[in-house]
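See below for the structure under consideration.
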Amino acid sequence: MKGKRKGTIILHLFQGNKRYSELVRLMPDISERMITKQLKELEIDSLINREVFPEVPPRVEYSLTELGKLIHPFLKGMYKGGLLFENVIDSFES
């Protein structure tokens with residue numbers, strides 16, 4: 001799984017299904033082009049589902065697959081570890 005923000009996307013989807021616009025709002029520091037690219041790659045890797053609803057305008061919703069749910073605990077641990085490491089580094093700089 002290569003991609004700087006894929007873990008973030010998975011962590012957001014673990015909280016529940018999200019529409020594309022919701023993911024864009026949750027990650028304002030990443031371009032829509034990059035979000036789209038990483039969503040496609042996650043779908044190819046079978047980590048997320050993309051469901052298109054036959055409405056006007058079309059509604060697209062993303063959710064985690066079972067495989068995506070399985071890697072969540074590892075991503076969450078890495079995230080928490082990163083926060084702890086950041087706090088340690090900050091304490092040395094103070």
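Naming scheme: A, B, ... for chains in displayed order of the structure tokens; residues 1 onward per chain; ligands 1 onward as shown.
The residue set within 12 Å of Gln15 in chain A, counting only C-alpha atoms and dropping same-chain residues fewer than 3 places from it, reads Thr8, Ile9, Ile10, Leu11, His12, Lys18, Leu23, Tyr62, Ser63, Leu64, Lys69 and His72 of chain A.
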Output N, CA, C and O atoms of each residue in that selection to a file, as a PDB file, in the first residue's frame.
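Result file follows (out_10.pdb):
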```pdb
ATOM      1  N   THR A   8      -4.923   7.602   6.164  1.00  0.00           N
ATOM      2  CA  THR A   8      -5.873   8.595   6.664  1.00  0.00           C
ATOM      3  C   THR A   8      -7.271   8.313   6.120  1.00  0.00           C
ATOM      4  O   THR A   8      -8.260   8.387   6.851  1.00  0.00           O
ATOM      5  N   ILE A   9      -7.345   7.976   4.849  1.00  0.00           N
ATOM      6  CA  ILE A   9      -8.642   7.656   4.242  1.00  0.00           C
ATOM      7  C   ILE A   9      -9.259   6.447   4.935  1.00  0.00           C
ATOM      8  O   ILE A   9     -10.441   6.453   5.289  1.00  0.00           O
ATOM      9  N   ILE A  10      -8.454   5.416   5.173  1.00  0.00           N
ATOM     10  CA  ILE A  10      -8.960   4.213   5.848  1.00  0.00           C
ATOM     11  C   ILE A  10      -9.431   4.539   7.262  1.00  0.00           C
ATOM     12  O   ILE A  10     -10.487   4.071   7.697  1.00  0.00           O
ATOM     13  N   LEU A  11      -8.685   5.355   7.982  1.00  0.00           N
ATOM     14  CA  LEU A  11      -9.100   5.737   9.335  1.00  0.00           C
ATOM     15  C   LEU A  11     -10.427   6.488   9.311  1.00  0.00           C
ATOM     16  O   LEU A  11     -11.287   6.258  10.164  1.00  0.00           O
ATOM     17  N   HIS A  12     -10.629   7.365   8.339  1.00  0.00           N
ATOM     18  CA  HIS A  12     -11.908   8.084   8.231  1.00  0.00           C
ATOM     19  C   HIS A  12     -13.047   7.131   7.880  1.00  0.00           C
ATOM     20  O   HIS A  12     -14.146   7.243   8.438  1.00  0.00           O
ATOM     21  N   LYS A  18     -18.538   7.146   3.795  1.00  0.00           N
ATOM     22  CA  LYS A  18     -18.386   8.570   3.504  1.00  0.00           C
ATOM     23  C   LYS A  18     -18.614   8.814   2.023  1.00  0.00           C
ATOM     24  O   LYS A  18     -18.231   8.021   1.179  1.00  0.00           O
ATOM     25  N   LEU A  23     -15.073  13.276   2.374  1.00  0.00           N
ATOM     26  CA  LEU A  23     -13.636  12.992   2.450  1.00  0.00           C
ATOM     27  C   LEU A  23     -12.821  14.223   2.080  1.00  0.00           C
ATOM     28  O   LEU A  23     -11.793  14.511   2.709  1.00  0.00           O
ATOM     29  N   TYR A  62     -18.246   5.645  -0.261  1.00  0.00           N
ATOM     30  CA  TYR A  62     -17.106   4.763  -0.038  1.00  0.00           C
ATOM     31  C   TYR A  62     -17.237   4.098   1.324  1.00  0.00           C
ATOM     32  O   TYR A  62     -17.698   4.712   2.285  1.00  0.00           O
ATOM     33  N   SER A  63     -16.814   2.837   1.388  1.00  0.00           N
ATOM     34  CA  SER A  63     -16.830   2.081   2.642  1.00  0.00           C
ATOM     35  C   SER A  63     -15.636   1.138   2.652  1.00  0.00           C
ATOM     36  O   SER A  63     -15.023   0.878   1.620  1.00  0.00           O
ATOM     37  N   LEU A  64     -15.310   0.630   3.836  1.00  0.00           N
ATOM     38  CA  LEU A  64     -14.207  -0.320   3.960  1.00  0.00           C
ATOM     39  C   LEU A  64     -14.669  -1.735   3.616  1.00  0.00           C
ATOM     40  O   LEU A  64     -15.788  -2.126   3.940  1.00  0.00           O
ATOM     41  N   LYS A  69     -10.983  -3.281   7.008  1.00  0.00           N
ATOM     42  CA  LYS A  69     -11.276  -3.283   8.449  1.00  0.00           C
ATOM     43  C   LYS A  69     -10.190  -4.022   9.228  1.00  0.00           C
ATOM     44  O   LYS A  69      -9.890  -3.668  10.366  1.00  0.00           O
ATOM     45  N   HIS A  72      -7.117  -1.755  10.004  1.00  0.00           N
ATOM     46  CA  HIS A  72      -7.375  -0.561  10.814  1.00  0.00           C
ATOM     47  C   HIS A  72      -6.596  -0.529  12.127  1.00  0.00           C
ATOM     48  O   HIS A  72      -5.988   0.491  12.449  1.00  0.00           O
TER      49      HIS A  72
END
```
Using only C-alpha atoms, the residue out of A:Pro73, A:Arg5, A:Pro54, A:Ser91 with shortest distance to Met27 in chain A is A:Arg5
Interatomic distance, CA of Met34 in chain A to CA of Ser46 in chain A (Å, one decimal):
18.4 Å
For Lys37 in chain A, work out the shell of residues within 12 Å, counting only C-alpha atoms and skipping chain neighbours fewer than 6 positions away, then give it as a short mmCIF file (atom, residue, chain, number, x, y, z; two decimals) with N, CA and C atoms, in the first residue's frame.
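Written file, around03.cif:
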```cif
data_model
loop_
_atom_site.label_atom_id
_atom_site.label_comp_id
_atom_site.auth_asym_id
_atom_site.auth_seq_id
_atom_site.Cartn_x
_atom_site.Cartn_y
_atom_site.Cartn_z
N LYS A 2 1.03 1.83 -1.14
CA LYS A 2 1.87 3.00 -1.30
C LYS A 2 0.96 4.22 -1.44
N GLY A 3 1.22 5.26 -0.70
CA GLY A 3 0.41 6.47 -0.77
C GLY A 3 0.35 7.14 0.58
N LYS A 4 0.71 8.39 0.57
CA LYS A 4 0.85 9.15 1.81
C LYS A 4 -0.45 9.26 2.61
N ARG A 5 -1.58 9.35 1.93
CA ARG A 5 -2.85 9.60 2.62
C ARG A 5 -3.80 8.42 2.66
N LYS A 6 -3.39 7.28 2.17
CA LYS A 6 -4.29 6.13 2.16
C LYS A 6 -4.67 5.69 3.57
N ILE A 9 -7.35 7.98 4.85
CA ILE A 9 -8.64 7.66 4.24
C ILE A 9 -9.26 6.45 4.93
N ILE A 30 -5.08 18.23 1.14
CA ILE A 30 -4.73 17.36 0.02
C ILE A 30 -5.64 17.73 -1.16
N SER A 31 -5.09 17.73 -2.37
CA SER A 31 -5.87 18.12 -3.54
C SER A 31 -6.92 17.05 -3.87
N GLU A 43 -9.36 1.08 -3.96
CA GLU A 43 -10.39 0.20 -4.51
C GLU A 43 -9.75 -0.96 -5.29
N ILE A 44 -8.72 -0.66 -6.07
CA ILE A 44 -8.00 -1.70 -6.81
C ILE A 44 -7.37 -2.70 -5.86
#
```
Hey, what does DSSP flag as alpha helix (DSSP H) within chain A? Can you give it to me as number ranges by chain?
A: 6-14, 20-26, 32-44, 66-93
Residue neighbourhood Thr65 in chain A, 6 Å, only C-alpha atoms, exclusion window fewer than 2 positions, as JSON, numbers by chain
{"A": [47, 48, 67, 68]}
Between CA of Glu61 in chain A and CA of Asn49 in chain A - distance in Å to one decimal:
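Between CA of Asn49 in chain A and CA of Glu61 in chain A the gap is 8.1 Å.
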I'd like the interatomic distance between CA of Glu66 in chain A and CA of Lys40 in chain A, to a tenth of an Å.
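Calculated distance between CA of Glu66 in chain A and CA of Lys40 in chain A is 17.1 Å.
When DSSP reads the backbone of this structure, the residues of range 8-86 of chain A it assigns to strand (DSSP E or B) are Lys18, Arg19, Ile48, Asn49, Arg50, Glu51, Val52, Phe53, Arg59, Val60, Glu61, Tyr62, Ser63 and Leu64 of chain A.
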Determine the nearest neighbour of Leu13 in chain A from the options A:Glu32, A:Phe92, A:Arg50, A:Val56, counting only C-alpha atoms.
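Of A:Glu32, A:Phe92, A:Arg50, A:Val56, the one nearest Leu13 in chain A, counting only C-alpha atoms, is A:Arg50.
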Rank A:Leu70, A:Val88, A:Leu26, A:Leu42 by their smallest atom-to-atom distance to Phe14 in chain A, using only C-alpha atoms, and report the top residue only.
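Result for the nearest residue to Phe14 in chain A: A:Leu70.
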